[in-house]
file protein.csv (CSV, C-alpha atoms)
chain,number,residue,atom,x,y,z
A,1,MET,CA,19.9,-15.9,-5.3
A,2,ALA,CA,19.8,-12.1,-5.0
A,3,TYR,CA,16.3,-10.8,-4.5
A,4,PHE,CA,15.6,-7.1,-5.3
A,5,ASN,CA,11.8,-7.4,-5.8
A,6,THR,CA,10.1,-6.5,-2.6
A,7,ALA,CA,7.8,-4.1,-4.5
A,8,SER,CA,6.4,-7.2,-6.2
A,9,ASN,CA,6.2,-9.6,-3.2
A,10,ALA,CA,8.2,-9.4,0.0
A,11,PRO,CA,10.0,-12.4,1.5
A,12,GLN,CA,8.1,-13.7,4.5
A,13,LEU,CA,9.5,-13.3,8.0
A,14,ASN,CA,10.3,-16.5,9.9
A,15,ALA,CA,8.0,-15.3,12.7
A,16,SER,CA,5.1,-14.8,10.3
A,17,ARG,CA,5.6,-18.2,8.8
A,18,ALA,CA,5.6,-19.9,12.2
A,19,ARG,CA,2.3,-18.2,13.1
A,20,LEU,CA,0.8,-19.1,9.8
A,21,LEU,CA,1.6,-22.8,10.4
A,22,GLU,CA,0.5,-22.7,14.0
A,23,ALA,CA,-2.8,-21.1,13.0
A,24,ALA,CA,-3.4,-23.5,10.1
A,25,GLY,CA,-3.0,-26.4,12.6
A,26,ALA,CA,-5.5,-24.8,14.9
A,27,LYS,CA,-8.2,-25.1,12.3
A,28,SER,CA,-8.1,-28.8,13.0
A,29,ARG,CA,-9.3,-28.0,16.5
A,30,PRO,CA,-12.3,-25.7,15.9
A,31,TRP,CA,-13.7,-26.3,19.3
A,32,GLU,CA,-10.9,-24.2,20.7
A,33,ARG,CA,-12.0,-21.0,18.9
A,34,GLN,CA,-14.0,-18.7,21.0
A,35,PRO,CA,-16.4,-15.9,20.0
A,36,SER,CA,-13.8,-13.3,21.2
A,37,ASP,CA,-11.3,-14.7,18.7
A,38,PHE,CA,-13.5,-13.2,15.9
A,39,PHE,CA,-12.5,-9.7,17.1
A,40,ALA,CA,-9.3,-9.8,19.2
A,41,GLU,CA,-6.7,-10.1,16.5
A,42,ALA,CA,-8.2,-7.4,14.4
A,43,GLU,CA,-8.1,-5.1,17.4
A,44,SER,CA,-4.4,-5.9,17.9
A,45,ILE,CA,-3.9,-5.0,14.2
A,46,ARG,CA,-5.6,-1.6,14.7
A,47,SER,CA,-3.4,-0.9,17.8
A,48,LEU,CA,-0.2,-1.8,15.9
A,49,ALA,CA,-1.2,0.3,12.9
A,50,ALA,CA,-1.8,3.3,15.2
A,51,ASP,CA,1.6,2.8,16.9
A,52,LEU,CA,3.4,2.5,13.6
A,53,PHE,CA,1.6,5.0,11.3
A,54,GLY,CA,-0.4,7.4,13.5
A,55,ALA,CA,-3.9,8.3,14.5
A,56,ASP,CA,-5.8,6.0,17.0
A,57,SER,CA,-6.9,2.5,16.7
A,58,ASP,CA,-10.4,3.6,15.7
A,59,ALA,CA,-9.0,5.0,12.5
A,60,TRP,CA,-7.9,1.7,11.0
A,61,ALA,CA,-9.9,-1.0,9.1
A,62,VAL,CA,-8.8,-4.5,8.2
A,63,ILE,CA,-9.1,-5.1,4.4
A,64,PRO,CA,-8.0,-7.9,2.1
A,65,ALA,CA,-6.5,-5.8,-0.8
A,66,ALA,CA,-5.8,-2.3,-1.9
A,67,SER,CA,-8.5,-2.6,-4.5
A,68,TYR,CA,-11.0,-3.3,-1.8
A,69,GLY,CA,-10.1,-0.3,0.3
A,70,LEU,CA,-10.0,2.0,-2.8
A,71,SER,CA,-13.4,0.7,-3.9
A,72,ALA,CA,-14.7,1.4,-0.4
A,73,ALA,CA,-13.4,4.9,-0.6
A,74,ALA,CA,-14.9,5.5,-4.0
A,75,ARG,CA,-18.2,4.2,-2.8
A,76,ALA,CA,-18.2,6.5,0.2
A,77,ILE,CA,-17.2,9.5,-1.9
A,78,GLU,CA,-19.4,8.9,-5.0
A,79,PRO,CA,-22.7,10.3,-3.5
A,80,THR,CA,-20.8,13.7,-3.0
A,81,LEU,CA,-19.9,13.9,-6.6
A,82,GLU,CA,-21.8,16.1,-9.1
A,83,PRO,CA,-21.8,16.1,-12.9
A,84,GLY,CA,-18.6,17.8,-14.2
A,85,ASP,CA,-16.6,17.3,-11.0
A,86,ARG,CA,-13.0,16.2,-11.8
A,87,ILE,CA,-11.1,13.2,-10.3
A,88,LEU,CA,-7.3,13.6,-10.6
A,89,VAL,CA,-5.0,10.5,-11.0
A,90,MET,CA,-1.4,10.0,-12.2
A,91,ALA,CA,-0.4,8.7,-15.6
A,92,ASP,CA,0.6,5.0,-15.5
A,93,GLU,CA,-0.9,4.6,-12.1
A,94,PHE,CA,-1.6,1.1,-10.7
A,95,PRO,CA,-5.1,-0.1,-11.9
A,96,SER,CA,-6.4,-0.4,-8.3
A,97,ASN,CA,-6.3,3.4,-8.0
A,98,VAL,CA,-7.8,4.1,-11.4
A,99,LEU,CA,-10.6,1.6,-12.0
A,100,PRO,CA,-12.8,2.5,-9.0
A,101,TRP,CA,-12.6,6.2,-10.0
A,102,ARG,CA,-13.6,5.3,-13.5
A,103,ARG,CA,-16.7,3.7,-12.2
A,104,ALA,CA,-17.5,6.5,-9.8
A,105,ALA,CA,-17.0,9.1,-12.5
A,106,ALA,CA,-19.3,7.1,-14.9
A,107,GLN,CA,-22.0,6.8,-12.2
A,108,ALA,CA,-21.9,10.5,-11.1
A,109,GLY,CA,-21.1,12.1,-14.5
A,110,ALA,CA,-17.7,13.2,-13.2
A,111,VAL,CA,-14.6,13.4,-15.3
A,112,LEU,CA,-11.4,11.5,-14.8
A,113,THR,CA,-8.3,13.7,-15.3
A,114,THR,CA,-4.9,12.2,-15.7
A,115,VAL,CA,-1.7,14.1,-14.8
A,116,ALA,CA,0.9,13.4,-17.6
A,117,THR,CA,4.3,12.0,-16.6
A,118,PRO,CA,6.6,15.0,-16.0
A,119,ALA,CA,9.7,15.0,-18.2
A,120,ASP,CA,11.9,16.1,-15.2
A,121,GLY,CA,10.4,13.5,-12.8
A,122,ASP,CA,8.9,16.2,-10.6
A,123,TRP,CA,5.4,14.7,-9.9
A,124,THR,CA,4.7,17.1,-7.1
A,125,ALA,CA,5.0,20.2,-9.3
A,126,ALA,CA,2.9,18.6,-12.1
A,127,ILE,CA,0.1,17.6,-9.7
A,128,LEU,CA,0.0,21.0,-7.9
A,129,GLU,CA,-0.4,22.6,-11.3
A,130,GLU,CA,-3.6,20.6,-11.8
A,131,ILE,CA,-5.1,21.0,-8.4
A,132,ARG,CA,-7.5,23.9,-9.0
A,133,PRO,CA,-11.2,24.6,-8.5
A,134,GLY,CA,-13.3,21.9,-10.1
A,135,ILE,CA,-11.1,19.1,-8.8
A,136,ARG,CA,-13.2,17.1,-6.3
A,137,VAL,CA,-11.0,14.0,-5.7
A,138,VAL,CA,-7.2,13.6,-5.8
A,139,ALA,CA,-6.2,9.9,-5.9
A,140,LEU,CA,-2.5,9.4,-5.6
A,141,ALA,CA,0.4,7.4,-4.1
A,142,HIS,CA,3.4,8.4,-2.0
A,143,CYS,CA,5.7,7.2,-4.7
A,144,HIS,CA,5.0,6.0,-8.2
A,145,TRP,CA,4.7,2.3,-8.3
A,146,THR,CA,6.8,1.9,-11.5
A,147,ASN,CA,9.9,3.8,-10.6
A,148,GLY,CA,9.7,5.1,-7.0
A,149,ALA,CA,9.3,8.8,-8.1
A,150,LEU,CA,8.5,10.6,-4.9
A,151,LEU,CA,5.5,12.9,-4.2
A,152,ASP,CA,5.5,15.7,-1.5
A,153,LEU,CA,2.2,14.8,0.1
A,154,THR,CA,2.4,17.7,2.6
A,155,GLN,CA,2.3,20.2,-0.3
A,156,ILE,CA,-0.3,18.3,-2.2
A,157,SER,CA,-2.5,17.9,0.9
A,158,ALA,CA,-2.4,21.6,1.6
A,159,ALA,CA,-3.4,22.3,-2.0
A,160,CYS,CA,-6.3,19.9,-1.7
A,161,ARG,CA,-7.6,21.6,1.5
A,162,ARG,CA,-7.5,25.0,-0.1
A,163,ILE,CA,-10.0,24.0,-2.7
A,164,GLY,CA,-11.9,21.4,-0.6
A,165,ALA,CA,-10.8,18.4,-2.6
A,166,VAL,CA,-10.8,14.9,-1.1
A,167,LEU,CA,-7.4,13.2,-0.9
A,168,VAL,CA,-7.2,9.4,-1.3
A,169,LEU,CA,-3.8,7.7,-1.1
A,170,ASP,CA,-2.7,4.2,-2.2
A,171,VAL,CA,0.5,3.7,-0.1
A,172,THR,CA,1.0,0.1,-1.0
A,173,GLN,CA,4.4,0.8,-2.3
A,174,SER,CA,5.6,2.9,0.6
A,175,LEU,CA,3.8,2.1,3.9
A,176,GLY,CA,6.3,0.3,6.1
A,177,ALA,CA,9.4,1.5,4.3
A,178,LEU,CA,8.8,5.3,3.9
A,179,PRO,CA,7.9,7.6,6.8
A,180,LEU,CA,4.6,9.5,6.4
A,181,ASP,CA,3.4,12.2,8.8
A,182,LEU,CA,-0.3,11.2,8.9
A,183,ALA,CA,-1.4,14.1,11.0
A,184,THR,CA,0.1,16.6,8.6
A,185,VAL,CA,-0.9,15.0,5.4
A,186,ASP,CA,-4.4,14.3,6.8
A,187,PRO,CA,-5.7,12.1,3.9
A,188,ASP,CA,-9.4,11.4,3.8
A,189,PHE,CA,-8.7,7.7,3.0
A,190,MET,CA,-5.4,5.8,2.8
A,191,VAL,CA,-5.0,2.1,1.9
A,192,ALA,CA,-2.1,-0.3,1.5
A,193,ALA,CA,-1.9,-4.0,0.5
A,194,GLY,CA,0.2,-5.8,3.1
A,195,TYR,CA,2.3,-8.3,1.2
A,196,LYS,CA,4.9,-5.8,0.0
A,197,TRP,CA,6.6,-3.3,2.4
A,198,LEU,CA,4.4,-4.3,5.4
A,199,LEU,CA,5.9,-7.8,5.1
A,200,CYS,CA,2.5,-9.4,5.8
A,201,PRO,CA,0.8,-12.3,4.1
A,202,TYR,CA,-1.1,-12.0,0.8
A,203,GLY,CA,-4.7,-11.3,1.5
A,204,PHE,CA,-4.1,-8.7,4.2
A,205,GLY,CA,-4.2,-4.9,4.0
A,206,LEU,CA,-4.9,-1.7,6.0
A,207,MET,CA,-7.2,1.2,5.5
A,208,TYR,CA,-7.1,4.5,7.3
A,209,VAL,CA,-10.3,6.5,7.4
A,210,ALA,CA,-10.4,10.1,8.6
A,211,PRO,CA,-12.9,11.0,11.2
A,212,ARG,CA,-15.0,13.1,8.8
A,213,TRP,CA,-15.7,10.0,6.7
A,214,ARG,CA,-16.5,7.4,9.4
A,215,ASP,CA,-20.2,7.8,9.0
A,216,ALA,CA,-20.1,7.0,5.3
A,217,ARG,CA,-21.6,3.9,3.7
A,218,PRO,CA,-19.1,1.0,3.6
A,219,LEU,CA,-18.5,-1.3,0.7
A,220,GLU,CA,-20.2,-4.3,2.3
A,221,GLU,CA,-22.5,-5.0,5.3
A,222,THR,CA,-20.8,-7.4,7.5
A,223,TRP,CA,-22.4,-8.5,10.8
A,224,LEU,CA,-19.0,-8.2,12.5
A,225,ALA,CA,-19.1,-4.5,12.0
A,226,ARG,CA,-22.3,-4.1,14.0
A,227,THR,CA,-22.8,-3.5,17.7
A,228,GLY,CA,-23.6,-6.6,19.7
A,229,ALA,CA,-21.8,-8.9,17.2
A,230,GLU,CA,-19.9,-10.5,20.2
A,231,ASP,CA,-23.2,-12.0,21.4
A,232,PHE,CA,-23.6,-14.9,19.0
A,233,ALA,CA,-26.9,-16.1,20.6
A,234,ASN,CA,-28.5,-12.7,19.9
A,235,LEU,CA,-27.4,-12.3,16.3
A,236,VAL,CA,-31.0,-13.0,15.2
A,237,ASN,CA,-31.8,-9.5,16.5
A,238,TYR,CA,-30.2,-7.5,13.8
A,239,SER,CA,-28.4,-4.3,14.7
A,240,ASP,CA,-28.6,-1.2,12.6
A,241,VAL,CA,-25.7,0.5,14.6
A,242,TYR,CA,-22.1,0.2,13.4
A,243,ARG,CA,-19.2,-0.4,15.8
A,244,PRO,CA,-17.2,2.8,16.3
A,245,GLY,CA,-14.6,4.3,14.0
A,246,ALA,CA,-13.4,2.8,10.8
A,247,ARG,CA,-14.6,-0.7,11.7
A,248,ARG,CA,-17.6,-0.5,9.3
A,249,PHE,CA,-15.1,-0.6,6.5
A,250,ASP,CA,-13.6,-3.9,7.6
A,251,VAL,CA,-13.9,-6.8,5.2
A,252,GLY,CA,-16.3,-9.6,6.2
A,253,GLU,CA,-14.6,-12.5,7.9
A,254,THR,CA,-12.3,-9.9,9.3
A,255,CYS,CA,-10.3,-12.2,11.7
A,256,THR,CA,-8.9,-14.7,9.2
A,257,ALA,CA,-7.4,-17.1,11.7
A,258,THR,CA,-4.2,-17.7,9.7
A,259,ILE,CA,-3.5,-14.3,8.1
A,260,LEU,CA,-4.0,-12.0,11.0
A,261,PRO,CA,-1.6,-13.7,13.4
A,262,ALA,CA,1.1,-13.7,10.7
A,263,ALA,CA,0.4,-10.0,10.0
A,264,ILE,CA,0.7,-9.2,13.7
A,265,ALA,CA,4.2,-10.7,13.7
A,266,ALA,CA,5.2,-8.6,10.7
A,267,LEU,CA,3.9,-5.4,12.1
A,268,GLU,CA,5.5,-6.1,15.5
A,269,GLN,CA,8.8,-6.5,13.7
A,270,LEU,CA,8.4,-3.3,11.8
A,271,ARG,CA,7.6,-1.5,15.1
A,272,ALA,CA,10.8,-3.0,16.6
A,273,TRP,CA,12.9,-1.8,13.6
A,274,GLY,CA,11.2,1.6,13.2
A,275,ILE,CA,10.1,2.9,9.8
A,276,ALA,CA,12.6,5.7,9.7
A,277,ARG,CA,15.5,3.2,10.3
A,278,VAL,CA,14.1,0.9,7.6
A,279,ALA,CA,14.0,3.8,5.1
A,280,GLU,CA,17.5,4.8,6.0
A,281,SER,CA,18.9,1.3,5.6
A,282,LEU,CA,17.2,0.7,2.3
A,283,GLY,CA,18.3,4.1,1.0
A,284,ALA,CA,21.9,3.1,1.7
A,285,ILE,CA,21.4,0.0,-0.4
A,286,ALA,CA,19.7,1.9,-3.2
A,287,ASP,CA,22.6,4.4,-3.2
A,288,ARG,CA,24.9,1.5,-3.9
A,289,ILE,CA,22.9,0.2,-6.8
A,290,ALA,CA,22.1,3.5,-8.6
A,291,PRO,CA,25.7,4.5,-9.6
A,292,GLU,CA,26.3,1.0,-11.0
A,293,LEU,CA,23.3,1.4,-13.3
A,294,GLU,CA,24.1,5.0,-14.3
A,295,ALA,CA,27.7,3.9,-15.2
A,296,ARG,CA,26.2,1.4,-17.6
A,297,GLY,CA,23.9,4.0,-19.3
A,298,PHE,CA,20.7,3.5,-17.4
A,299,GLY,CA,18.5,6.5,-16.6
A,300,VAL,CA,17.9,6.9,-12.9
A,301,LEU,CA,16.0,9.7,-11.2
A,302,PRO,CA,18.2,11.9,-8.9
A,303,ALA,CA,18.0,11.0,-5.3
A,304,MET,CA,15.9,14.0,-4.4
A,305,ARG,CA,13.2,12.9,-6.8
A,306,ARG,CA,12.9,9.2,-5.7
A,307,ALA,CA,11.9,7.3,-2.7
A,308,PRO,CA,14.8,5.8,-0.7
A,309,HIS,CA,13.5,2.2,-0.7
A,310,MET,CA,12.7,1.6,-4.4
A,311,PHE,CA,13.5,3.1,-7.7
A,312,GLY,CA,13.3,2.5,-11.4
A,313,ALA,CA,16.0,2.6,-14.1
A,314,THR,CA,15.2,3.2,-17.7
A,315,LEU,CA,17.0,0.9,-20.1
A,316,PRO,CA,19.8,2.1,-22.3
A,317,GLY,CA,18.5,2.8,-25.8
A,318,ARG,CA,20.4,-0.1,-27.3
A,319,ASP,CA,18.6,-2.7,-25.1
A,320,ASP,CA,15.4,-4.1,-26.7
A,321,GLY,CA,15.3,-7.5,-24.9
A,322,ASP,CA,13.8,-8.7,-21.7
A,323,PHE,CA,16.4,-7.4,-19.2
A,324,ALA,CA,14.6,-8.6,-16.1
A,325,ALA,CA,14.6,-12.1,-17.6
A,326,SER,CA,18.3,-12.0,-18.4
A,327,LEU,CA,19.0,-11.1,-14.8
A,328,ARG,CA,16.7,-13.9,-13.6
A,329,GLU,CA,18.8,-16.4,-15.5
A,330,ARG,CA,21.6,-15.4,-13.2
A,331,ASP,CA,19.4,-15.7,-10.0
A,332,VAL,CA,19.0,-11.9,-9.7
A,333,PHE,CA,15.4,-10.9,-9.3
A,334,VAL,CA,14.0,-7.5,-10.3
A,335,SER,CA,10.8,-6.4,-12.1
A,336,ARG,CA,9.9,-4.4,-15.2
A,337,ARG,CA,7.1,-2.0,-14.7
A,338,GLY,CA,6.1,0.3,-17.5
A,339,GLN,CA,9.4,1.7,-18.9
A,340,SER,CA,11.4,1.0,-15.8
A,341,ILE,CA,13.4,-1.8,-14.4
A,342,ARG,CA,12.4,-1.6,-10.8
A,343,PHE,CA,14.9,-2.3,-7.9
A,344,ALA,CA,13.3,-2.9,-4.5
A,345,PRO,CA,15.6,-4.3,-1.9
A,346,HIS,CA,14.8,-5.0,1.7
A,347,LEU,CA,16.9,-5.7,4.8
A,348,HIS,CA,17.7,-9.2,3.7
A,349,VAL,CA,20.1,-7.9,1.0
A,350,THR,CA,23.7,-8.6,1.7
A,351,GLU,CA,27.1,-7.6,0.3
A,352,ALA,CA,27.1,-10.9,-1.6
A,353,ASP,CA,23.7,-10.0,-3.1
A,354,LEU,CA,25.1,-6.6,-4.3
A,355,ALA,CA,28.2,-8.3,-5.7
A,356,GLN,CA,26.0,-10.8,-7.5
A,357,LEU,CA,23.9,-8.0,-9.0
A,358,VAL,CA,27.0,-6.1,-10.3
A,359,ALA,CA,28.4,-9.4,-11.8
A,360,ALA,CA,25.0,-10.0,-13.5
A,361,LEU,CA,25.0,-6.5,-15.0
A,362,GLU,CA,28.5,-7.1,-16.3
A,363,ARG,CA,27.6,-10.5,-17.9
A,364,THR,CA,24.5,-9.0,-19.6
A,365,GLY,CA,26.8,-6.5,-21.3
A,366,SER,CA,25.0,-3.6,-19.6

call {"tool": "encode", "arguments": {"input": "protein.csv", "output": "structure tokens"}}
result
Amino acid sequence: MAYFNTASNAPQLNASRARLLEAAGAKSRPWERQPSDFFAEAESIRSLAADLFGADSDAWAVIPAASYGLSAAARAIEPTLEPGDRILVMADEFPSNVLPWRRAAAQAGAVLTTVATPADGDWTAAILEEIRPGIRVVALAHCHWTNGALLDLTQISAACRRIGAVLVLDVTQSLGALPLDLATVDPDFMVAAGYKWLLCPYGFGLMYVAPRWRDARPLEETWLARTGAEDFANLVNYSDVYRPGARRFDVGETCTATILPAAIAALEQLRAWGIARVAESLGAIADRIAPELEARGFGVLPAMRRAPHMFGATLPGRDDGDFAASLRERDVFVSRRGQSIRFAPHLHVTEADLAQLVAALERTGS
């Protein structure tokens, strides 16, 4: 089969699978688990995240899902909102980066403002047009989840700073496959689910928290985030002091004994490859696919407007069936998201996979 659906769920690395199985077996020997094991793997994750994406290890929290991290960001920001403040989101954005802001707006009397889909595909220009006084929060992605339309986060971040707006990023569809200059973009919060381009197990994600927000109220109060948590005998003496950095934003049961070892294996592999090299390799694959689609009447954003690792193609006007399902019948796997058929390869894609895709396109009459 030919799998072009990493944006939905990445294939699992062999090394991650081995660590998952090893860790699952270890649960049968609970006497081997030490108090330090409740912290060590999360600290390894923080260090790897800093190496891969920037900042220091104190900047990173371990979360179970993008929705968790975005809800945590919204909870931290909500007390700063005033009636009439505006929260900016993109049209057709993934629900995880809309629903928390709807709640925050309702609680604070703020207003959710949606940037309409630009006809020319230039999301950056459309968003910059809307970033003006009165905007308090700008909640965006690095590329649109339905079709890979690319945003210039450097320009957008600068516009946010000029008016004092908070920048929150959901980079689930880019982190691990698209370079991001964290120091330059300088988001207030940034989150990513791990099971897509980070190649991690389901139930793992990362959250970056800028220094200016690390004293904010977290989403939950977990004992693991408090000082002295390593001393199990003394946990009856409750601590009111959080551990340093972004650790207060960790999910409870932070060190899931199966998930974190497998996530470490995936992040180690990404570090070995290098994010820039991954993006370059995936861009070369996408550049092979896009002309085949355009030749068959699909609409594809120009290369300058789309991310290198994933892109969407709009169906020819004559097609009113389930195109993704017709490809699946030929063991070619893509997704339909919104109005786009989304193509999201990874490094497992071979020449044979590309040939199988082209043959499937021909047999569907596209």

call {"tool": "closest_residue", "arguments": {"input": "protein.csv", "among": "A:Ala262, A:Ala344, A:Val358, A:Leu140", "to": "Gln12 in chain A", "atoms": "all atoms listed in the file"}}
result
A:Ala262

call {"tool": "residues_around", "arguments": {"input": "protein.csv", "residues": "range 283-287 of chain A", "least_positions_apart": "6", "cutoff": "9 Å", "atoms": "all atoms listed in the file", "output": "PyMOL selection string"}}
result
chain A and resi 303+307-311+343-347+349+354

call {"tool": "residues_near_point", "arguments": {"input": "protein.csv", "point": "(-12.1, 13.2, -8.8)", "cutoff": "7 Å", "atoms": "all atoms listed in the file", "output": "ChimeraX atom specification"}}
result
/A:85-88,111-112,135-138

call {"tool": "atom_distance", "arguments": {"input": "protein.csv", "atom1": "CA of Met1 in chain A", "atom2": "CA of Leu13 in chain A"}}
result
17.1 Å

call {"tool": "closest_residue", "arguments": {"input": "protein.csv", "among": "A:Ala265, A:Val89, A:Leu235, A:Leu99", "to": "Thr117 in chain A", "atoms": "all atoms listed in the file"}}
result
A:Val89

call {"tool": "residues_around", "arguments": {"input": "protein.csv", "residues": "Pro211 in chain A", "least_positions_apart": "6", "cutoff": "10 Å", "atoms": "all atoms listed in the file", "output": "compact mmCIF listing (two decimals) with C-alpha atoms, in the coordinates of the input"}}
result
# COMPACT_ATOMS: atom_id res chain seq x y z
CA ALA A 55 -3.90 8.30 14.50
CA ASP A 58 -10.40 3.60 15.70
CA ALA A 59 -9.00 5.00 12.50
CA ASP A 188 -9.40 11.40 3.80
CA PHE A 189 -8.70 7.70 3.00
CA GLY A 245 -14.60 4.30 14.00
CA ALA A 246 -13.40 2.80 10.80

call {"tool": "axis_aligned_box", "arguments": {"input": "protein.csv", "around": "range 290-296 of chain A", "padding_each_side": "6 Å", "output": "lines of an AutoDock Vina configuration file"}}
result
center_x = 24.9
center_y = 3.0
center_z = -13.1
size_x = 17.6
size_y = 16.0
size_z = 21.0

call {"tool": "residues_around", "arguments": {"input": "protein.csv", "residues": "Gly109 in chain A", "least_positions_apart": "6", "cutoff": "7 Å", "atoms": "only C-alpha atoms", "output": "number ranges by chain"}}
result
A: 82-84

call {"tool": "atom_distance", "arguments": {"input": "protein.csv", "atom1": "CA of Gly297 in chain A", "atom2": "CA of Thr314 in chain A"}}
result
8.9 Å

call {"tool": "residues_around", "arguments": {"input": "protein.csv", "residues": "Val115 in chain A", "least_positions_apart": "5", "cutoff": "12 Å", "atoms": "all atoms listed in the file", "output": "PDB file with C-alpha atoms, keeping the file's coordinate frame"}}
result
ATOM      1  CA  ARG A  86     -13.000  16.200 -11.800  1.00  0.00           C
ATOM      2  CA  ILE A  87     -11.100  13.200 -10.300  1.00  0.00           C
ATOM      3  CA  LEU A  88      -7.300  13.600 -10.600  1.00  0.00           C
ATOM      4  CA  VAL A  89      -5.000  10.500 -11.000  1.00  0.00           C
ATOM      5  CA  MET A  90      -1.400  10.000 -12.200  1.00  0.00           C
ATOM      6  CA  ALA A  91      -0.400   8.700 -15.600  1.00  0.00           C
ATOM      7  CA  ASP A  92       0.600   5.000 -15.500  1.00  0.00           C
ATOM      8  CA  GLU A  93      -0.900   4.600 -12.100  1.00  0.00           C
ATOM      9  CA  ASP A 122       8.900  16.200 -10.600  1.00  0.00           C
ATOM     10  CA  TRP A 123       5.400  14.700  -9.900  1.00  0.00           C
ATOM     11  CA  THR A 124       4.700  17.100  -7.100  1.00  0.00           C
ATOM     12  CA  ALA A 125       5.000  20.200  -9.300  1.00  0.00           C
ATOM     13  CA  ALA A 126       2.900  18.600 -12.100  1.00  0.00           C
ATOM     14  CA  ILE A 127       0.100  17.600  -9.700  1.00  0.00           C
ATOM     15  CA  LEU A 128       0.000  21.000  -7.900  1.00  0.00           C
ATOM     16  CA  GLU A 129      -0.400  22.600 -11.300  1.00  0.00           C
ATOM     17  CA  GLU A 130      -3.600  20.600 -11.800  1.00  0.00           C
ATOM     18  CA  ILE A 131      -5.100  21.000  -8.400  1.00  0.00           C
ATOM     19  CA  VAL A 138      -7.200  13.600  -5.800  1.00  0.00           C
ATOM     20  CA  ALA A 139      -6.200   9.900  -5.900  1.00  0.00           C
ATOM     21  CA  LEU A 140      -2.500   9.400  -5.600  1.00  0.00           C
TER      22      LEU A 140
END

call {"tool": "atom_distance", "arguments": {"input": "protein.csv", "atom1": "CA of Leu199 in chain A", "atom2": "CA of Ala18 in chain A"}}
result
14.0 Å

call {"tool": "closest_residue", "arguments": {"input": "protein.csv", "among": "A:Gly25, A:Pro79, A:Pro302, A:Pro291", "to": "Leu150 in chain A", "atoms": "only C-alpha atoms"}}
result
A:Pro302

call {"tool": "closest_residue", "arguments": {"input": "protein.csv", "among": "A:Ala24, A:Ala313, A:Leu260, A:Ala276", "to": "Glu292 in chain A", "atoms": "only C-alpha atoms"}}
result
A:Ala313

call {"tool": "closest_atom_pairs", "arguments": {"input": "protein.csv", "of": "range 184-248 of chain A", "to": "range 152-162 of chain A", "cutoff": "9 Å", "atoms": "only C-alpha atoms", "output": "JSON lines"}}
result
{"residue": "A:Thr184", "atom": "CA", "partner": "A:Thr154", "partner_atom": "CA", "distance": 6.5}
{"residue": "A:Val185", "atom": "CA", "partner": "A:Thr154", "partner_atom": "CA", "distance": 5.1}
{"residue": "A:Asp186", "atom": "CA", "partner": "A:Ser157", "partner_atom": "CA", "distance": 7.2}
{"residue": "A:Pro187", "atom": "CA", "partner": "A:Ser157", "partner_atom": "CA", "distance": 7.3}

call {"tool": "write_last_selection", "arguments": {"input": "protein.csv", "atoms": "C-alpha atoms", "output": "mmCIF file, keeping the file's coordinate frame"}}
result
data_model
loop_
_atom_site.group_PDB
_atom_site.id
_atom_site.type_symbol
_atom_site.label_atom_id
_atom_site.label_comp_id
_atom_site.auth_asym_id
_atom_site.auth_seq_id
_atom_site.Cartn_x
_atom_site.Cartn_y
_atom_site.Cartn_z
ATOM 1 C CA THR A 184 0.100 16.600 8.600
ATOM 2 C CA VAL A 185 -0.900 15.000 5.400
ATOM 3 C CA ASP A 186 -4.400 14.300 6.800
ATOM 4 C CA PRO A 187 -5.700 12.100 3.900
#

call {"tool": "residues_around", "arguments": {"input": "protein.csv", "residues": "Phe38 in chain A", "least_positions_apart": "4", "cutoff": "9 Å", "atoms": "all atoms listed in the file", "output": "PyMOL selection string"}}
result
chain A and resi 33-34+42+224+230+253-257

call {"tool": "closest_atom_pairs", "arguments": {"input": "protein.csv", "of": "range 3-22 of chain A", "to": "range 166-175 of chain A", "cutoff": "10 Å", "atoms": "all atoms listed in the file", "output": "JSON lines"}}
result
{"residue": "A:Thr6", "atom": "CA", "partner": "A:Gln173", "partner_atom": "CA", "distance": 9.3}
{"residue": "A:Ala7", "atom": "CA", "partner": "A:Gln173", "partner_atom": "CA", "distance": 6.4}
{"residue": "A:Ser8", "atom": "CA", "partner": "A:Gln173", "partner_atom": "CA", "distance": 9.1}

call {"tool": "closest_residue", "arguments": {"input": "protein.csv", "among": "A:Ala165, A:Ala355, A:Val209, A:Leu180", "to": "Arg288 in chain A", "atoms": "all atoms listed in the file"}}
result
A:Ala355

call {"tool": "closest_residue", "arguments": {"input": "protein.csv", "among": "A:Ala61, A:Met207, A:Ala66, A:Ala119", "to": "Leu301 in chain A", "atoms": "all atoms listed in the file"}}
result
A:Ala119
